[in-house]
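*Asks:* Here you go, one structure.
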Amino acid sequence: MVFVKPTDPYVADLLFTLAHLNAHLADVESAEEVLKLAETYGYANTVRVGTLRTKIDAALRKAKWRGVAFWSLGVGAVLGALVYAHRRKWFFLTRRAYIAHHASLRLAGRRDDVTNSAVGDAKRSEAAIAVPPGS
């Protein structure tokens, strides 16, 4: 814009049209910059400028909140998965909780089923093969 001095109505109209096209076809940030340049060159229709600026601001706010919502849902999903896994006893926060959980499984007689089913199956099969006393 070196050759054209500001306050040229034709250039201002062209710049406003370019800002309008950028807002609809390209990115909104460039449309806002071109709209400021059109105002610098003296675009006279303030109603159309105000309307386009309102649409641009709404699009920028929507994009900002969409990003915030995306990250919030992502963090919520990860935290929810961690809480679910912790309640299902897939991991423990402390070693003491881990030991207490496995001690309660031993008392309930489910220790072999939970941690080492192959060893538990082998012990049961050996017990079935063993000769009963007094034979």
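Labeling convention for the structure tokens: chains A, B, ... as they appear, residues from 1 per chain, ligands from 1 in order of appearance.
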Within 12 Å of segment 16-24 of chain A, counting only C-alpha atoms, which residues show up once you throw out same-chain ones fewer than 6 positions away? Write them as a ChimeraX atom specification, please.

*Replies:* /A:9-10,30-46,48-60

*Asks:* For the residues in that selection, give me N, CA and C atoms as a tab-separated table (two decimals), in the first residue's frame.

*Replies:*
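selection.tsv, written as the output of this step:
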chain	number	residue	atom	x	y	z
A	9	PRO	N	-11.51	6.23	-1.44
A	9	PRO	CA	-12.74	5.46	-1.29
A	9	PRO	C	-12.77	4.16	-2.11
A	10	TYR	N	-12.12	4.15	-3.25
A	10	TYR	CA	-12.12	2.93	-4.08
A	10	TYR	C	-11.28	1.83	-3.43
A	30	SER	N	-6.99	-12.58	9.72
A	30	SER	CA	-6.55	-11.74	8.60
A	30	SER	C	-7.67	-10.82	8.15
A	31	ALA	N	-8.92	-11.27	8.27
A	31	ALA	CA	-10.05	-10.43	7.90
A	31	ALA	C	-10.13	-9.21	8.83
A	32	GLU	N	-9.82	-9.42	10.10
A	32	GLU	CA	-9.85	-8.30	11.04
A	32	GLU	C	-8.77	-7.26	10.71
A	33	GLU	N	-7.59	-7.74	10.33
A	33	GLU	CA	-6.52	-6.81	9.96
A	33	GLU	C	-6.86	-6.02	8.70
A	34	VAL	N	-7.43	-6.70	7.71
A	34	VAL	CA	-7.79	-6.02	6.46
A	34	VAL	C	-8.93	-5.03	6.71
A	35	LEU	N	-9.84	-5.37	7.63
A	35	LEU	CA	-10.94	-4.46	7.96
A	35	LEU	C	-10.40	-3.18	8.62
A	36	LYS	N	-9.41	-3.32	9.47
A	36	LYS	CA	-8.78	-2.13	10.07
A	36	LYS	C	-8.12	-1.27	8.99
A	37	LEU	N	-7.50	-1.94	8.03
A	37	LEU	CA	-6.87	-1.21	6.93
A	37	LEU	C	-7.92	-0.49	6.07
A	38	ALA	N	-9.08	-1.11	5.86
A	38	ALA	CA	-10.16	-0.47	5.11
A	38	ALA	C	-10.67	0.77	5.85
A	39	GLU	N	-10.74	0.70	7.16
A	39	GLU	CA	-11.15	1.87	7.93
A	39	GLU	C	-10.10	2.98	7.84
A	40	THR	N	-8.84	2.59	7.79
A	40	THR	CA	-7.76	3.57	7.64
A	40	THR	C	-7.89	4.31	6.31
A	41	TYR	N	-8.29	3.58	5.27
A	41	TYR	CA	-8.45	4.20	3.96
A	41	TYR	C	-9.78	4.90	3.80
A	42	GLY	N	-10.57	4.95	4.85
A	42	GLY	CA	-11.77	5.77	4.86
A	42	GLY	C	-13.02	5.10	4.33
A	43	TYR	N	-13.25	3.86	4.68
A	43	TYR	CA	-14.49	3.22	4.26
A	43	TYR	C	-15.65	3.90	4.97
A	44	ALA	N	-16.66	4.34	4.23
A	44	ALA	CA	-17.68	5.23	4.77
A	44	ALA	C	-18.86	4.51	5.42
A	45	ASN	N	-19.16	3.30	5.04
A	45	ASN	CA	-20.36	2.62	5.55
A	45	ASN	C	-20.05	1.98	6.91
A	46	THR	N	-20.34	2.72	7.98
A	46	THR	CA	-20.02	2.25	9.32
A	46	THR	C	-20.93	1.12	9.78
A	48	ARG	N	-22.04	-1.43	7.87
A	48	ARG	CA	-21.47	-2.70	7.36
A	48	ARG	C	-20.19	-3.07	8.08
A	49	VAL	N	-19.38	-2.08	8.43
A	49	VAL	CA	-18.15	-2.35	9.18
A	49	VAL	C	-18.49	-2.90	10.56
A	50	GLY	N	-19.47	-2.29	11.21
A	50	GLY	CA	-19.89	-2.77	12.53
A	50	GLY	C	-20.44	-4.18	12.49
A	51	THR	N	-21.24	-4.46	11.46
A	51	THR	CA	-21.81	-5.81	11.32
A	51	THR	C	-20.72	-6.85	11.10
A	52	LEU	N	-19.79	-6.53	10.21
A	52	LEU	CA	-18.70	-7.48	9.94
A	52	LEU	C	-17.80	-7.64	11.16
A	53	ARG	N	-17.53	-6.54	11.86
A	53	ARG	CA	-16.70	-6.64	13.07
A	53	ARG	C	-17.41	-7.49	14.13
A	54	THR	N	-18.72	-7.37	14.27
A	54	THR	CA	-19.47	-8.19	15.22
A	54	THR	C	-19.38	-9.66	14.86
A	55	LYS	N	-19.51	-9.97	13.57
A	55	LYS	CA	-19.39	-11.37	13.14
A	55	LYS	C	-17.99	-11.91	13.37
A	56	ILE	N	-17.00	-11.08	13.11
A	56	ILE	CA	-15.61	-11.51	13.33
A	56	ILE	C	-15.36	-11.77	14.81
A	57	ASP	N	-15.81	-10.86	15.67
A	57	ASP	CA	-15.63	-11.05	17.12
A	57	ASP	C	-16.36	-12.30	17.62
A	58	ALA	N	-17.55	-12.55	17.10
A	58	ALA	CA	-18.29	-13.75	17.50
A	58	ALA	C	-17.56	-15.02	17.07
A	59	ALA	N	-17.00	-14.99	15.87
A	59	ALA	CA	-16.25	-16.16	15.39
A	59	ALA	C	-15.00	-16.40	16.22
A	60	LEU	N	-14.32	-15.32	16.61
A	60	LEU	CA	-13.12	-15.46	17.45
A	60	LEU	C	-13.47	-15.99	18.84
